[in-house]
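*Asks:* Structure file target26.cif (mmCIF, C-alpha atoms) right here:
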data_structure
#
loop_
_atom_site.label_atom_id
_atom_site.label_comp_id
_atom_site.auth_asym_id
_atom_site.auth_seq_id
_atom_site.Cartn_x
_atom_site.Cartn_y
_atom_site.Cartn_z
CA MET J 4 -33.07 -24.24 15.72
CA GLN J 5 -34.23 -23.72 12.15
CA MET J 6 -35.47 -20.22 13.03
CA ILE J 7 -32.07 -19.31 14.52
CA THR J 8 -30.32 -20.59 11.39
CA SER J 9 -32.70 -18.61 9.16
CA ARG J 10 -32.14 -15.42 11.16
CA ARG J 11 -28.38 -15.90 10.98
CA PHE J 12 -28.58 -16.41 7.21
CA TRP J 13 -30.56 -13.22 6.69
CA ALA J 14 -28.24 -11.32 9.03
CA ILE J 15 -25.20 -12.47 7.03
CA LEU J 16 -26.95 -11.65 3.75
CA ARG J 17 -27.89 -8.19 4.97
CA ALA J 18 -24.35 -7.53 6.20
CA THR J 19 -22.96 -8.67 2.84
CA VAL J 20 -25.32 -6.44 0.86
CA GLU J 21 -24.49 -3.47 3.09
CA PHE J 22 -20.78 -4.18 2.66
CA VAL J 23 -21.09 -4.27 -1.14
CA ILE J 24 -23.23 -1.11 -1.29
CA VAL J 25 -20.88 0.87 0.97
CA THR J 26 -17.87 -0.31 -1.04
CA LEU J 27 -19.48 0.66 -4.36
CA LEU J 28 -20.53 4.08 -3.05
CA THR J 29 -17.02 4.69 -1.74
CA PHE J 30 -15.56 3.69 -5.10
CA VAL J 31 -17.97 5.99 -6.98
CA GLY J 32 -16.96 8.78 -4.62
CA LEU J 33 -13.32 8.07 -5.47
CA LEU J 34 -14.20 8.21 -9.18
CA ALA J 35 -15.87 11.59 -8.65
CA ILE J 36 -12.84 12.97 -6.84
CA THR J 37 -10.34 11.80 -9.47
CA PHE J 38 -12.57 12.99 -12.34
CA PHE J 39 -13.13 16.52 -11.03
CA ILE J 40 -9.51 16.89 -9.97
CA GLY J 41 -8.58 16.03 -13.54
CA ARG J 42 -10.86 18.81 -14.77
CA VAL J 43 -9.80 21.42 -12.23
CA ILE J 44 -6.01 21.28 -12.50
CA PRO J 45 -4.57 23.69 -15.11
CA ILE J 46 -3.49 21.04 -17.62
CA ASP J 47 -5.22 20.78 -20.98
CA PRO J 48 -5.58 17.06 -21.83
CA VAL J 49 -6.29 17.91 -25.48
CA LEU J 50 -3.12 19.95 -25.80
CA SER J 51 -1.08 17.11 -24.30
CA VAL J 52 -2.38 14.87 -27.11
CA VAL J 53 -2.17 17.11 -30.17
CA GLY J 54 0.83 19.17 -29.09
CA ASP J 55 1.27 22.93 -28.90
CA ARG J 56 1.84 23.26 -32.65
CA ALA J 57 -1.58 21.92 -33.64
CA THR J 58 -4.01 24.16 -35.48
CA GLN J 59 -7.32 25.23 -33.96
CA GLU J 60 -9.14 22.85 -36.28
CA GLN J 61 -7.01 19.90 -35.16
CA TYR J 62 -7.53 20.94 -31.54
CA ASP J 63 -11.31 21.06 -31.96
CA ILE J 64 -11.41 17.67 -33.70
CA ALA J 65 -9.37 16.06 -30.92
CA LYS J 66 -11.55 17.69 -28.26
CA ILE J 67 -14.72 16.29 -29.83
CA ALA J 68 -13.11 12.86 -30.25
CA MET J 69 -12.18 12.84 -26.55
CA GLY J 70 -15.72 13.84 -25.57
CA LEU J 71 -14.58 17.00 -23.80
CA ASP J 72 -17.10 19.17 -25.64
CA ARG J 73 -19.99 17.53 -23.78
CA PRO J 74 -21.52 18.77 -20.50
CA LEU J 75 -19.49 17.91 -17.41
CA ILE J 76 -22.09 15.55 -15.94
CA ILE J 77 -22.23 13.59 -19.22
CA GLN J 78 -18.44 13.35 -19.21
CA PHE J 79 -18.53 11.99 -15.66
CA VAL J 80 -21.19 9.38 -16.48
CA ASN J 81 -19.14 8.25 -19.49
CA TYR J 82 -16.01 8.18 -17.33
CA VAL J 83 -17.68 5.96 -14.73
CA GLY J 84 -19.00 3.64 -17.44
CA ASP J 85 -15.54 3.34 -19.03
CA VAL J 86 -13.88 2.61 -15.68
CA PHE J 87 -16.35 -0.15 -14.84
CA GLN J 88 -15.53 -1.66 -18.24
CA GLY J 89 -11.81 -1.51 -17.46
CA ASP J 90 -11.10 1.36 -19.84
CA LEU J 91 -8.89 4.03 -18.25
CA GLY J 92 -8.01 5.71 -21.52
CA ARG J 93 -4.76 5.71 -23.45
CA SER J 94 -1.48 7.00 -22.10
CA VAL J 95 0.18 9.80 -24.02
CA SER J 96 3.59 8.80 -22.67
CA THR J 97 3.53 5.13 -23.71
CA ASN J 98 0.76 5.18 -26.37
CA ARG J 99 -0.75 2.12 -24.70
CA PRO J 100 -3.95 1.62 -22.70
CA VAL J 101 -3.47 2.91 -19.16
CA ALA J 102 -5.05 -0.26 -17.75
CA SER J 103 -2.40 -2.46 -19.39
CA ASP J 104 0.36 -0.09 -18.22
CA LEU J 105 -0.89 -0.28 -14.63
CA ALA J 106 -1.21 -4.06 -14.80
CA ARG J 107 2.44 -4.12 -15.86
CA VAL J 108 3.88 -1.73 -13.24
CA PHE J 109 1.69 -2.37 -10.19
CA PRO J 110 3.13 -5.84 -9.36
CA ALA J 111 6.60 -4.28 -8.93
CA THR J 112 5.24 -1.85 -6.32
CA LEU J 113 3.19 -4.61 -4.70
CA GLU J 114 6.26 -6.83 -4.37
CA MET J 115 8.38 -4.12 -2.79
CA ALA J 116 5.62 -2.91 -0.45
CA THR J 117 4.75 -6.46 0.64
CA LEU J 118 8.32 -7.21 1.65
CA GLY J 119 8.51 -3.79 3.27
CA ILE J 120 5.40 -4.33 5.41
CA ALA J 121 6.67 -7.80 6.36
CA ILE J 122 9.85 -6.18 7.66
CA GLY J 123 7.87 -3.43 9.37
CA VAL J 124 5.52 -5.84 11.13
CA GLY J 125 8.19 -8.42 11.91
CA LEU J 126 10.35 -5.86 13.68
CA GLY J 127 7.94 -3.09 14.62
CA VAL J 128 5.52 -5.18 16.68
CA PRO J 129 8.18 -6.88 18.87
CA LEU J 130 10.03 -3.57 19.33
CA GLY J 131 6.81 -1.81 20.35
CA VAL J 132 5.95 -4.55 22.84
CA TRP J 133 9.51 -4.55 24.20
CA ALA J 134 9.49 -0.76 24.62
CA ALA J 135 6.18 -0.89 26.51
CA ALA J 136 7.37 -3.72 28.75
CA ARG J 137 10.56 -1.73 29.55
CA LYS J 138 8.91 1.67 29.86
CA GLY J 139 11.28 4.40 31.01
CA THR J 140 14.44 2.30 30.61
CA TRP J 141 17.27 2.84 28.13
CA VAL J 142 15.70 0.17 25.89
CA ASP J 143 12.50 2.20 25.67
CA GLN J 144 14.41 5.39 24.94
CA ILE J 145 16.46 3.82 22.13
CA ILE J 146 13.40 2.32 20.46
CA ARG J 147 11.53 5.62 20.68
CA VAL J 148 14.44 7.50 19.12
CA PHE J 149 14.71 4.84 16.40
CA ALA J 150 10.99 5.22 15.67
CA LEU J 151 11.32 9.02 15.65
CA LEU J 152 13.94 8.77 12.90
CA GLY J 153 11.41 6.95 10.75
CA TYR J 154 9.15 10.00 10.95
CA SER J 155 11.80 12.66 10.42
CA VAL J 156 14.26 11.29 7.84
CA PRO J 157 13.25 12.06 4.20
CA ALA J 158 12.75 8.94 2.08
CA PHE J 159 14.81 10.16 -0.87
CA TRP J 160 17.76 11.05 1.38
CA LEU J 161 17.74 7.66 3.08
CA GLY J 162 17.49 5.96 -0.30
CA LEU J 163 20.50 7.85 -1.66
CA VAL J 164 22.53 7.16 1.49
CA GLY J 165 21.61 3.49 1.28
CA LEU J 166 22.77 3.29 -2.35
CA VAL J 167 26.05 5.06 -1.60
CA LEU J 168 26.81 2.99 1.48
CA PHE J 169 25.49 -0.51 0.79
CA TYR J 170 25.79 -0.60 -3.02
CA ALA J 171 28.56 1.72 -4.13
CA THR J 172 30.86 1.43 -1.07
CA LEU J 173 30.28 -1.94 0.57
CA GLY J 174 28.83 -3.82 -2.39
CA TRP J 175 26.41 -5.76 -0.17
CA VAL J 176 23.39 -5.30 -2.43
CA SER J 177 22.67 -4.68 -6.11
CA GLY J 178 21.93 -1.24 -7.47
CA PRO J 179 18.91 0.40 -9.08
CA GLY J 180 16.42 -1.52 -11.17
CA ARG J 181 14.58 -4.79 -10.61
CA VAL J 182 17.22 -7.13 -12.02
CA ASP J 183 20.55 -6.82 -13.78
CA ILE J 184 20.31 -6.12 -17.52
CA PHE J 185 21.61 -9.61 -18.26
CA TYR J 186 18.55 -11.20 -16.59
CA GLU J 187 15.88 -8.96 -18.14
CA GLY J 188 13.32 -10.89 -20.17
CA LEU J 189 14.57 -14.32 -19.15
CA VAL J 190 11.58 -15.13 -16.95
CA GLU J 191 8.02 -15.52 -18.23
CA GLN J 192 5.73 -12.91 -16.67
CA ARG J 193 2.91 -14.85 -15.03
CA THR J 194 2.04 -12.78 -11.98
CA GLY J 195 4.32 -9.79 -12.56
CA LEU J 196 6.02 -10.51 -9.23
CA MET J 197 9.64 -11.17 -10.12
CA LEU J 198 10.38 -13.38 -7.11
CA VAL J 199 7.26 -15.48 -7.66
CA ASP J 200 7.69 -15.79 -11.43
CA SER J 201 11.37 -16.75 -11.20
CA ALA J 202 10.59 -19.31 -8.49
CA LEU J 203 7.78 -20.81 -10.56
CA SER J 204 10.11 -21.01 -13.55
CA GLY J 205 12.84 -22.59 -11.43
CA ASP J 206 15.31 -19.90 -12.50
CA TRP J 207 17.02 -19.37 -9.17
CA ASP J 208 19.78 -17.14 -10.56
CA VAL J 209 17.13 -14.58 -11.51
CA PHE J 210 15.39 -15.11 -8.16
CA TRP J 211 18.47 -14.31 -6.09
CA ASN J 212 19.42 -11.41 -8.34
CA ALA J 213 15.90 -9.94 -8.05
CA LEU J 214 15.99 -10.40 -4.27
CA ASP J 215 19.38 -8.68 -4.15
CA HIS J 216 17.88 -5.68 -5.96
CA LEU J 217 14.73 -5.71 -3.84
CA ILE J 218 16.17 -5.98 -0.35
CA LEU J 219 17.48 -2.40 0.01
CA PRO J 220 14.42 -0.42 -1.20
CA ALA J 221 12.09 -2.81 0.65
CA THR J 222 14.12 -2.42 3.85
CA ILE J 223 13.96 1.36 3.60
CA LEU J 224 10.19 1.21 3.08
CA GLY J 225 9.99 -1.26 5.95
CA PHE J 226 11.88 1.17 8.17
CA PHE J 227 9.21 3.84 7.71
CA SER J 228 6.37 1.41 8.43
CA LEU J 229 8.36 -0.03 11.34
CA ALA J 230 8.53 3.40 12.97
CA TYR J 231 4.76 3.87 12.85
CA ILE J 232 3.90 0.30 13.84
CA ALA J 233 6.37 0.27 16.75
CA ARG J 234 5.03 3.58 18.08
CA MET J 235 1.40 2.50 17.90
CA THR J 236 2.15 -0.95 19.35
CA ARG J 237 3.93 0.66 22.29
CA SER J 238 0.98 2.99 22.90
CA PHE J 239 -1.56 0.13 22.77
CA MET J 240 0.54 -2.09 25.02
CA LEU J 241 1.05 0.65 27.63
CA ASP J 242 -2.70 1.03 27.86
CA GLN J 243 -3.19 -2.72 28.32
CA LEU J 244 -0.34 -3.20 30.78
CA GLY J 245 -1.91 -0.55 33.02
CA GLN J 246 -5.16 -2.50 33.35
CA GLU J 247 -6.16 -4.14 36.61
CA TYR J 248 -6.33 -7.64 35.15
CA ILE J 249 -2.63 -7.40 34.26
CA THR J 250 -1.82 -6.53 37.87
CA THR J 251 -3.99 -9.44 39.01
CA ALA J 252 -2.17 -11.84 36.69
CA ARG J 253 1.20 -10.74 38.04
CA VAL J 254 0.00 -11.09 41.64
CA LYS J 255 -1.11 -14.65 40.87
CA GLY J 256 2.45 -15.46 39.78
CA VAL J 257 1.88 -15.67 36.02
CA SER J 258 5.17 -15.52 34.15
CA GLU J 259 6.10 -12.13 32.72
CA TRP J 260 6.28 -13.57 29.20
CA ARG J 261 2.70 -14.82 29.46
CA VAL J 262 1.51 -11.56 31.01
CA ILE J 263 2.93 -9.57 28.11
CA TRP J 264 2.25 -11.78 25.09
CA VAL J 265 -0.98 -13.48 26.17
CA HIS J 266 -2.82 -11.17 28.55
CA GLY J 267 -1.40 -7.90 27.19
CA PHE J 268 -0.83 -8.50 23.49
CA ARG J 269 -3.95 -10.46 22.53
CA PRO J 270 -6.42 -7.61 23.17
CA ILE J 271 -4.48 -5.20 20.92
CA ARG J 272 -4.42 -7.48 17.88
CA VAL J 273 -7.63 -5.96 16.57
CA GLN J 274 -6.24 -2.42 16.84
CA LEU J 275 -3.02 -3.50 15.15
CA ILE J 276 -4.95 -4.82 12.15
CA THR J 277 -6.06 -1.29 11.31
CA VAL J 278 -2.57 0.11 11.89
CA ILE J 279 -0.91 -2.53 9.71
CA GLY J 280 -3.54 -2.16 7.00
CA LEU J 281 -3.06 1.59 6.81
CA SER J 282 0.72 1.17 6.84
CA TYR J 283 0.55 -1.30 3.95
CA ALA J 284 -1.68 1.00 1.92
CA ALA J 285 0.65 3.91 2.68
CA LEU J 286 3.63 1.93 1.39
CA LEU J 287 1.81 1.17 -1.85
CA GLU J 288 0.90 4.82 -2.24
CA GLY J 289 3.96 6.48 -0.78
CA SER J 290 6.71 4.65 -2.64
CA VAL J 291 7.07 7.38 -5.28
CA MET J 292 10.36 8.79 -3.98
CA ILE J 293 11.88 5.37 -3.30
CA GLU J 294 10.96 4.13 -6.77
CA THR J 295 12.42 7.26 -8.33
CA VAL J 296 15.70 6.92 -6.42
CA PHE J 297 16.04 3.21 -7.19
CA SER J 298 14.70 3.41 -10.78
CA TRP J 299 12.09 0.88 -9.71
CA PRO J 300 9.55 0.26 -12.51
CA GLY J 301 6.49 0.50 -10.27
CA ILE J 302 3.36 2.61 -10.11
CA GLY J 303 5.12 5.43 -8.25
CA ASN J 304 7.71 5.83 -11.01
CA TYR J 305 4.95 5.55 -13.61
CA LEU J 306 2.95 8.28 -11.86
CA THR J 307 5.99 10.57 -11.68
CA VAL J 308 6.69 10.25 -15.42
CA ALA J 309 3.00 10.80 -16.19
CA LEU J 310 2.94 14.01 -14.13
CA LEU J 311 6.06 15.35 -15.84
CA ASN J 312 4.51 14.65 -19.26
CA ALA J 313 1.07 16.04 -18.32
CA ASP J 314 -0.36 12.61 -19.12
CA MET J 315 -3.70 13.01 -17.36
CA ASN J 316 -5.15 9.62 -18.28
CA ALA J 317 -2.15 7.92 -16.69
CA VAL J 318 -2.23 10.21 -13.65
CA LEU J 319 -5.94 9.62 -13.02
CA GLY J 320 -5.60 5.88 -13.64
CA ALA J 321 -2.72 5.53 -11.19
CA THR J 322 -4.53 7.68 -8.61
CA LEU J 323 -7.63 5.54 -9.03
CA VAL J 324 -5.68 2.33 -8.50
CA ILE J 325 -3.99 3.70 -5.37
CA GLY J 326 -7.33 4.88 -3.98
CA SER J 327 -8.89 1.49 -4.75
CA VAL J 328 -6.10 -0.20 -2.83
CA PHE J 329 -6.90 1.97 0.20
CA ILE J 330 -10.57 1.04 -0.05
CA LEU J 331 -9.82 -2.68 -0.45
CA ILE J 332 -7.36 -2.83 2.45
CA ASN J 333 -9.72 -0.88 4.73
CA LYS J 334 -12.58 -3.23 3.95
CA MET J 335 -10.36 -6.27 4.51
CA SER J 336 -9.34 -4.77 7.85
CA ASP J 337 -13.02 -4.41 8.78
CA VAL J 338 -13.63 -8.08 7.95
CA LEU J 339 -10.63 -9.23 10.01
CA TYR J 340 -11.72 -6.90 12.80
CA ARG J 341 -15.07 -8.67 13.00
CA ILE J 342 -13.46 -12.10 12.88
CA LEU J 343 -11.06 -11.40 15.75
CA ASP J 344 -13.46 -9.31 17.86
CA PRO J 345 -16.91 -10.96 18.28
CA ARG J 346 -18.20 -7.81 20.00
CA SER J 347 -18.11 -5.90 16.68
CA ARG J 348 -20.29 -8.42 14.84
#
Is it possible to give me this structure as structure tokens?
*Replies:*
Amino acid sequence: MQMITSRRFWAILRATVEFVIVTLLTFVGLLAITFFIGRVIPIDPVLSVVGDRATQEQYDIAKIAMGLDRPLIIQFVNYVGDVFQGDLGRSVSTNRPVASDLARVFPATLEMATLGIAIGVGLGVPLGVWAAARKGTWVDQIIRVFALLGYSVPAFWLGLVGLVLFYATLGWVSGPGRVDIFYEGLVEQRTGLMLVDSALSGDWDVFWNALDHLILPATILGFFSLAYIARMTRSFMLDQLGQEYITTARVKGVSEWRVIWVHGFRPIRVQLITVIGLSYAALLEGSVMIETVFSWPGIGNYLTVALLNADMNAVLGATLVIGSVFILINKMSDVLYRILDPRSR
């Protein structure tokens, strides 16, 4: 018994060490990609700092101060060291550390994407299961067309239509921004998540106003994730419902509800974890257009402004955060995969 316990301990330890090493190597690879992209694109980071009216002497001084006169490999090593210390440089646009800027804007994107993925999962999974269970019927056709729209409709167009229809015409939701101007600064920023902070402060007027601003952009994001999740769920369910054990269960007189949701749906939960994880990461990364349309102060809007101002420290910092989110969500999906599927352990 003791030998079995010892073997299990060393197996868990080895798996943990492998997990950490793979994660670190992936992160270093991401650092390499962002660093060399920043050096390849035709934007001079020195010129963006000193301006185009600076003298050659001022340009050279700034270049030495930024360490850009050193060999490329030395620059990369210094870059990696700075990142691991939490130093992403200083933004030209805001004149603040990029790390503090990202800590300020990322919660807004996280809040919108989290509500969006909740809508996408809450509607996409049942719709996908329903479409598979009613394959070939009008229900299946409608759901497939609805999902197809999520792939084909541009995000910015849907955002503008949503603002015109639900805000300007019907007045069902609030307009651009996170809260009305009257409520800005009234809630102490603890987590950066407006709904959470206002709830913790007990300021329910701010909470409902923030939710009113959030519901339309989050629903539009949720629509795009819903389309992908519904399509993949339908595909997974069709594969399961065609298995022999499903036919056997129906022959035995098992209720159709139990056949679908117990015998058919349970085996695809592991596959859905990966789909949902990728959808969530895509919402965090792909919210640039929605944030621009809705003037949402998130990382997508921050990245857009940084690109327009040739602010390379901000661009690389935002890209690094988005890539890190992908890595983190993928690794979390792997952990959940192993928990739900003992065969992968």
*Asks:* Could you make a table, as a tab-separated table, of the residues of region 265-325 of chain J that have an atom within 10 Å of an atom of region 229-253 of chain J, each with its nearest atom pair and distance in Å to one decimal, counting all atoms listed in the file, in chain and number order?
*Replies:*
residue	atom	partner	partner_atom	distance
J:His266	CA	J:Ile249	CA	6.8
J:Gly267	CA	J:Gln243	CA	5.6
J:Phe268	CA	J:Met240	CA	6.7
J:Arg269	CA	J:Gln243	CA	9.7
J:Pro270	CA	J:Gln243	CA	7.8
J:Ile271	CA	J:Phe239	CA	6.4
J:Arg272	CA	J:Thr236	CA	9.4
J:Gln274	CA	J:Phe239	CA	8.0
J:Leu275	CA	J:Thr236	CA	7.1
J:Val278	CA	J:Ile232	CA	6.8
J:Ile279	CA	J:Ile232	CA	6.9
J:Leu281	CA	J:Ile232	CA	10.0
J:Ser282	CA	J:Tyr231	CA	7.7
*Asks:* Please produce an output containing C-alpha atoms for each residue in the selection, written as a compact mmCIF listing (two decimals), in the coordinates of the input.
*Replies:*
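Writing done, so here's out-v6.txt:
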# COMPACT_ATOMS: atom_id res chain seq x y z
CA HIS J 266 -2.82 -11.17 28.55
CA GLY J 267 -1.40 -7.90 27.19
CA PHE J 268 -0.83 -8.50 23.49
CA ARG J 269 -3.95 -10.46 22.53
CA PRO J 270 -6.42 -7.61 23.17
CA ILE J 271 -4.48 -5.20 20.92
CA ARG J 272 -4.42 -7.48 17.88
CA GLN J 274 -6.24 -2.42 16.84
CA LEU J 275 -3.02 -3.50 15.15
CA VAL J 278 -2.57 0.11 11.89
CA ILE J 279 -0.91 -2.53 9.71
CA LEU J 281 -3.06 1.59 6.81
CA SER J 282 0.72 1.17 6.84
*Asks:* With region 203-224 of chain J as the partner and 10 Å as the cut-off, tabulate the residues of region 83-188 of chain J that qualify, each row holding the nearest pair of atoms and their distance in Å to one decimal, using only C-alpha atoms, sorted by chain and rising number, as CSV.
*Replies:*
residue,atom,partner,partner_atom,distance
J:Ala111,CA,J:Leu217,CA,9.7
J:Thr112,CA,J:Ala221,CA,9.8
J:Glu114,CA,J:Leu217,CA,8.6
J:Met115,CA,J:Ala221,CA,5.2
J:Ala116,CA,J:Ala221,CA,6.6
J:Thr117,CA,J:Ala221,CA,8.2
J:Leu118,CA,J:Ala221,CA,5.9
J:Gly119,CA,J:Ala221,CA,4.5
J:Ile120,CA,J:Leu224,CA,7.7
J:Ala121,CA,J:Ala221,CA,9.3
J:Ile122,CA,J:Thr222,CA,6.8
J:Gly123,CA,J:Leu224,CA,8.2
J:Gly153,CA,J:Ile223,CA,9.4
J:Ala158,CA,J:Ile223,CA,7.8
J:Phe159,CA,J:Ile223,CA,9.9
J:Leu161,CA,J:Ile223,CA,7.4
J:Gly162,CA,J:Ile223,CA,7.0
J:Gly165,CA,J:Leu219,CA,7.3
J:Leu166,CA,J:Leu219,CA,8.1
J:Phe169,CA,J:Leu219,CA,8.3
J:Tyr170,CA,J:Leu219,CA,9.0
J:Trp175,CA,J:Asp215,CA,8.6
J:Val176,CA,J:Asp215,CA,5.5
J:Ser177,CA,J:His216,CA,4.9
J:Gly178,CA,J:His216,CA,6.2
J:Pro179,CA,J:His216,CA,6.9
J:Gly180,CA,J:His216,CA,6.8
J:Arg181,CA,J:His216,CA,5.8
J:Val182,CA,J:Ala213,CA,5.0
J:Asp183,CA,J:Asn212,CA,7.2
J:Phe185,CA,J:Val209,CA,9.5
J:Tyr186,CA,J:Val209,CA,6.3
J:Glu187,CA,J:Val209,CA,8.8
*Asks:* Between CA of Ile44 (chain J) and CA of Leu75 (chain J), what is the distance in Å, rounded to a tenth?
*Replies:*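 Computed distance, CA of Ile44 (chain J) to CA of Leu75 (chain J), equals 14.7 Å.
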*Asks:* Hey, what comes out of the PyMOL selection byres ((chain J and resi 33-42) around 8) on this file? Could you write it as a ChimeraX atom specification?
*Replies:* /J:29-32,43-45,79,82-83,315,319,322-323,326-327
*Asks:* With C-alpha atoms retained, export the selected residues as a PDB file, in the frame of the given file.
*Replies:*
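Output saved as result29.pdb:
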ATOM      1  CA  THR J  29     -17.020   4.690  -1.740  1.00  0.00           C
ATOM      2  CA  PHE J  30     -15.560   3.690  -5.100  1.00  0.00           C
ATOM      3  CA  VAL J  31     -17.970   5.990  -6.980  1.00  0.00           C
ATOM      4  CA  GLY J  32     -16.960   8.780  -4.620  1.00  0.00           C
ATOM      5  CA  VAL J  43      -9.800  21.420 -12.230  1.00  0.00           C
ATOM      6  CA  ILE J  44      -6.010  21.280 -12.500  1.00  0.00           C
ATOM      7  CA  PRO J  45      -4.570  23.690 -15.110  1.00  0.00           C
ATOM      8  CA  PHE J  79     -18.530  11.990 -15.660  1.00  0.00           C
ATOM      9  CA  TYR J  82     -16.010   8.180 -17.330  1.00  0.00           C
ATOM     10  CA  VAL J  83     -17.680   5.960 -14.730  1.00  0.00           C
ATOM     11  CA  MET J 315      -3.700  13.010 -17.360  1.00  0.00           C
ATOM     12  CA  LEU J 319      -5.940   9.620 -13.020  1.00  0.00           C
ATOM     13  CA  THR J 322      -4.530   7.680  -8.610  1.00  0.00           C
ATOM     14  CA  LEU J 323      -7.630   5.540  -9.030  1.00  0.00           C
ATOM     15  CA  GLY J 326      -7.330   4.880  -3.980  1.00  0.00           C
ATOM     16  CA  SER J 327      -8.890   1.490  -4.750  1.00  0.00           C
TER      17      SER J 327
END
*Asks:* Please provide as a list of chain:residue names all residues within 9 Å of Pro110 (chain J), with the sequence filter that same-chain residues fewer than 2 positions apart are discarded (counting only C-alpha atoms).
*Replies:*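 Counting only the stated atoms, we get J:Leu105, J:Ala106, J:Arg107, J:Val108, J:Thr112, J:Leu113, J:Glu114, J:Met115, J:Thr194, J:Gly195, J:Leu196, J:Met197, J:Gly301, J:Ile302.
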*Asks:* Please provide the set of residues having any atom within 12 Å of Met69 (chain J), restricted to all atoms listed in the file, with same-chain residues fewer than 4 positions apart removed, written as a list in words.
*Replies:* Asp47, Pro48, Val49, Leu50, Val52, Val53, Tyr62, Asp63, Ile64, Ala65, Arg73, Gln78, Asn81, Tyr82, Gly92, Arg93 and Asn316 of chain J
*Asks:* Please indicate the distance in Å from CA of Val262 (chain J) to CA of Gly131 (chain J), rounded to one decimal place.
*Replies:* 15.4 Å
*Asks:* Which residue gives the smallest distance to Val156 (chain J) among J:Phe227, J:Leu16, J:Glu294, J:Thr307, with only C-alpha atoms counted?
*Replies:*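 Ranked by minimum distance to Val156 (chain J), first place goes to J:Phe227.
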*Asks:* Record the distance separating CA of Gly125 (chain J) and CA of Val291 (chain J), expressed in Å with one decimal.
*Replies:*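 CA of Val291 (chain J) lies 23.4 Å from CA of Gly125 (chain J).
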*Asks:* Using only C-alpha atoms, can you tell me which of J:Leu163, J:Ala150, J:Ala171, J:Leu286 comes closest to Val328 (chain J)?
*Replies:* J:Leu286
*Asks:* Have a look at J:Val164, J:Ala317, J:Ile332, J:Leu126 and name the one nearest to Leu91 (chain J); count only C-alpha atoms.
*Replies:*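 Once distances to Leu91 (chain J) are computed over only C-alpha atoms, the minimum belongs to J:Ala317.
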*Asks:* As lines of an AutoDock Vina configuration file, what would the box around region 29-43 of chain J look like: edges along x, y and z, 3 Å added on every side, centre and edge lengths in Å to one decimal?
*Replies:*
center_x = -13.3
center_y = 12.6
center_z = -8.3
size_x = 15.4
size_y = 23.7
size_z = 19.0
*Asks:* For Ser94 (chain J), work out the shell of residues within 12 Å, counting all atoms listed in the file and skipping chain neighbours fewer than 2 positions away, then give it as a PyMOL selection string.
*Replies:* chain J and resi 48+51-52+90-92+96-105+305-306+308-310+312-321
*Asks:* Using the chain letters and numbers from this file, what does the PyMOL selection byres ((chain J and resi 146) around 10) select? Give the answer as number ranges by chain.
*Replies:* J: 127, 130-131, 133-135, 141-145, 147-152, 230, 233-234, 237
